[in-house]
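Written out below as structure tokens is the structure these notes cover.
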Amino acid sequence: MGTGRLGWLVVPAHLAAAVAEAKLLADRGSPAIEQLALADFLVRGELDRHLRRMRPVYRRRRDVLLAESLPGFRPTGVAAGLHLVVWLPDGMGEDDVVAAAADHGVRVAGVGPYRLAGPGRQGLILGYGDLPEGRIAEGVEALAAAVRGLGGTYAEADDRGAA
């Protein structure tokens, strides 16, 4: 059995019917129990309470990720969410880094599959939402070792700054 996703939108009243129709055309529906639970969660203000409680936790995790040394990697984007996008040093291929990271027990994703058109800048998506701070530090250390193990121009990245 696959895992479903459930989301919600707040749209102006005049767009509600069009958005509902677009959703109907785009999928086969969402599970009723989960929809009712989410609605209750929202109405009772639990989502707001959860976000207020978790925001500092995720901020600390992101700060740990940024504090660790990934030479030549450049973070981008806003300081929010559960993932960080980093651009790789020139000449470094994301597919190579993703594979090397996996060999070191670290799962990262390249940005390539999320592009709408053609090749572009090489980068990684680093998730930190479900990892304790100590595991994030260990993961970054293993990712740095994976990059150093690629050799060649990758090993030279150590001399080009840190994320």
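Order determines the names: the first chain of the structure tokens is A, the second B, and so forth; residues in each chain are numbered 1 upward, and ligands are numbered 1 upward as they are shown.
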Query raised in the report: When DSSP works through the backbone of this structure, what residues of segment 44-108 of chain A end up as strand (DSSP E or B), shown as a list in words?
Result: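 Result set for segment 44-108 of chain A (strand (DSSP E or B)): Pro71, Arg74, Pro75, Thr76, His83, Leu84, Val85, Val86 and Trp87 of chain A.
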Requested in this report: Looking only at alpha helix (DSSP H) from DSSP on the backbone, list the matching residues of segment 83-150 of chain A as a list in words.
Outcome: Glu94, Asp95, Asp96, Val97, Val98, Ala99, Ala100, Ala101, Ala102, Asp103, Glu133, Gly134, Arg135, Ile136, Ala137, Glu138, Gly139, Val140, Glu141, Ala142, Leu143, Ala144, Ala145, Ala146, Val147, Arg148 and Gly149 of chain A
Any chance you can output those residues with N, CA and C atoms as an mmCIF file, in the first residue's frame?
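File written: out05.cif
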```cif
data_model
loop_
_atom_site.group_PDB
_atom_site.id
_atom_site.type_symbol
_atom_site.label_atom_id
_atom_site.label_comp_id
_atom_site.auth_asym_id
_atom_site.auth_seq_id
_atom_site.Cartn_x
_atom_site.Cartn_y
_atom_site.Cartn_z
ATOM 1 N N GLU A 94 26.654 16.412 -9.805
ATOM 2 C CA GLU A 94 25.758 15.982 -8.723
ATOM 3 C C GLU A 94 25.535 14.478 -8.723
ATOM 4 N N ASP A 95 25.475 13.849 -9.897
ATOM 5 C CA ASP A 95 25.288 12.395 -9.931
ATOM 6 C C ASP A 95 26.460 11.679 -9.260
ATOM 7 N N ASP A 96 27.671 12.180 -9.497
ATOM 8 C CA ASP A 96 28.851 11.592 -8.866
ATOM 9 C C ASP A 96 28.792 11.747 -7.351
ATOM 10 N N VAL A 97 28.393 12.912 -6.898
ATOM 11 C CA VAL A 97 28.339 13.183 -5.457
ATOM 12 C C VAL A 97 27.227 12.355 -4.799
ATOM 13 N N VAL A 98 26.083 12.262 -5.448
ATOM 14 C CA VAL A 98 24.977 11.465 -4.898
ATOM 15 C C VAL A 98 25.406 10.010 -4.739
ATOM 16 N N ALA A 99 26.068 9.462 -5.761
ATOM 17 C CA ALA A 99 26.529 8.064 -5.703
ATOM 18 C C ALA A 99 27.594 7.870 -4.627
ATOM 19 N N ALA A 100 28.562 8.795 -4.560
ATOM 20 C CA ALA A 100 29.621 8.684 -3.555
ATOM 21 C C ALA A 100 29.042 8.815 -2.149
ATOM 22 N N ALA A 101 28.087 9.712 -1.979
ATOM 23 C CA ALA A 101 27.445 9.881 -0.672
ATOM 24 C C ALA A 101 26.748 8.585 -0.261
ATOM 25 N N ALA A 102 26.042 7.958 -1.196
ATOM 26 C CA ALA A 102 25.347 6.695 -0.888
ATOM 27 C C ALA A 102 26.347 5.633 -0.460
ATOM 28 N N ASP A 103 27.517 5.603 -1.106
ATOM 29 C CA ASP A 103 28.562 4.645 -0.723
ATOM 30 C C ASP A 103 29.059 4.895 0.696
ATOM 31 N N GLU A 133 20.413 16.624 15.660
ATOM 32 C CA GLU A 133 21.575 17.451 15.326
ATOM 33 C C GLU A 133 22.867 16.646 15.216
ATOM 34 N N GLY A 134 23.084 15.692 16.100
ATOM 35 C CA GLY A 134 24.302 14.885 16.049
ATOM 36 C C GLY A 134 24.411 14.077 14.762
ATOM 37 N N ARG A 135 23.289 13.548 14.305
ATOM 38 C CA ARG A 135 23.289 12.770 13.056
ATOM 39 C C ARG A 135 23.543 13.673 11.851
ATOM 40 N N ILE A 136 23.086 14.919 11.912
ATOM 41 C CA ILE A 136 23.348 15.857 10.823
ATOM 42 C C ILE A 136 24.844 16.094 10.713
ATOM 43 N N ALA A 137 25.500 16.343 11.835
ATOM 44 C CA ALA A 137 26.950 16.564 11.831
ATOM 45 C C ALA A 137 27.681 15.337 11.278
ATOM 46 N N GLU A 138 27.265 14.139 11.702
ATOM 47 C CA GLU A 138 27.877 12.909 11.187
ATOM 48 C C GLU A 138 27.659 12.773 9.685
ATOM 49 N N GLY A 139 26.463 13.109 9.224
ATOM 50 C CA GLY A 139 26.148 13.014 7.800
ATOM 51 C C GLY A 139 26.974 13.964 6.961
ATOM 52 N N VAL A 140 27.149 15.174 7.454
ATOM 53 C CA VAL A 140 27.959 16.146 6.706
ATOM 54 C C VAL A 140 29.414 15.692 6.659
ATOM 55 N N GLU A 141 29.900 15.151 7.764
ATOM 56 C CA GLU A 141 31.273 14.629 7.795
ATOM 57 C C GLU A 141 31.435 13.500 6.766
ATOM 58 N N ALA A 142 30.466 12.608 6.714
ATOM 59 C CA ALA A 142 30.521 11.501 5.745
ATOM 60 C C ALA A 142 30.393 12.017 4.321
ATOM 61 N N LEU A 143 29.549 13.020 4.095
ATOM 62 C CA LEU A 143 29.418 13.611 2.762
ATOM 63 C C LEU A 143 30.722 14.279 2.334
ATOM 64 N N ALA A 144 31.368 14.989 3.254
ATOM 65 C CA ALA A 144 32.657 15.610 2.942
ATOM 66 C C ALA A 144 33.700 14.552 2.590
ATOM 67 N N ALA A 145 33.704 13.433 3.319
ATOM 68 C CA ALA A 145 34.635 12.339 3.017
ATOM 69 C C ALA A 145 34.335 11.741 1.648
ATOM 70 N N ALA A 146 33.059 11.619 1.321
ATOM 71 C CA ALA A 146 32.672 11.090 0.013
ATOM 72 C C ALA A 146 33.177 11.987 -1.102
ATOM 73 N N VAL A 147 33.052 13.283 -0.914
ATOM 74 C CA VAL A 147 33.512 14.240 -1.928
ATOM 75 C C VAL A 147 35.030 14.176 -2.063
ATOM 76 N N ARG A 148 35.729 14.121 -0.925
ATOM 77 C CA ARG A 148 37.199 14.010 -0.985
ATOM 78 C C ARG A 148 37.609 12.731 -1.697
ATOM 79 N N GLY A 149 36.844 11.653 -1.503
ATOM 80 C CA GLY A 149 37.152 10.375 -2.125
ATOM 81 C C GLY A 149 36.972 10.370 -3.626
#
```
Query raised in the report: Between A:Ala20, A:Phe41, A:Gly151, A:Pro132, which is the closest to Arg61 of chain A once you count only C-alpha atoms?
Result: A:Pro132
Report task. Determine, counting only C-alpha atoms, which protein, DNA and RNA residues have an atom within 12 Å of an atom of Met54 of chain A; residues of the same chain fewer than 5 positions away are not included. Present the result as a PyMOL selection string. Result -> chain A and resi 47-49+59-61+80-82+129-130
Query raised in the report: Any idea what's packed within 9 Å of Leu88 of chain A, counting only C-alpha atoms, ignoring anything in its chain fewer than 6 positions away? Could you give it as JSON, numbers by chain?
Result: {"A": [72, 73, 74, 94, 121, 122, 123, 124]}
Residues from the last selection, N, CA and C atoms, saved as a short mmCIF file (atom, residue, chain, number, x, y, z; two decimals), in the first residue's frame:
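And here's again_27.cif as it stands now:
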```cif
data_model
loop_
_atom_site.label_atom_id
_atom_site.label_comp_id
_atom_site.auth_asym_id
_atom_site.auth_seq_id
_atom_site.Cartn_x
_atom_site.Cartn_y
_atom_site.Cartn_z
N GLY A 72 33.58 24.42 -0.60
CA GLY A 72 33.17 24.79 -1.94
C GLY A 72 31.67 24.73 -2.18
N PHE A 73 30.91 24.17 -1.29
CA PHE A 73 29.47 24.08 -1.47
C PHE A 73 28.86 25.43 -1.07
N ARG A 74 27.87 25.91 -1.83
CA ARG A 74 27.26 27.21 -1.57
C ARG A 74 25.77 27.04 -1.28
N GLU A 94 26.65 16.41 -9.81
CA GLU A 94 25.76 15.98 -8.72
C GLU A 94 25.53 14.48 -8.72
N ARG A 121 22.86 24.35 -13.30
CA ARG A 121 23.85 24.32 -12.23
C ARG A 121 23.71 23.04 -11.41
N GLN A 122 24.84 22.47 -11.04
CA GLN A 122 24.85 21.23 -10.27
C GLN A 122 24.66 21.53 -8.79
N GLY A 123 23.77 20.77 -8.16
CA GLY A 123 23.50 21.02 -6.75
C GLY A 123 22.91 19.80 -6.07
N LEU A 124 22.77 19.93 -4.76
CA LEU A 124 22.20 18.87 -3.94
C LEU A 124 21.07 19.43 -3.09
#
```
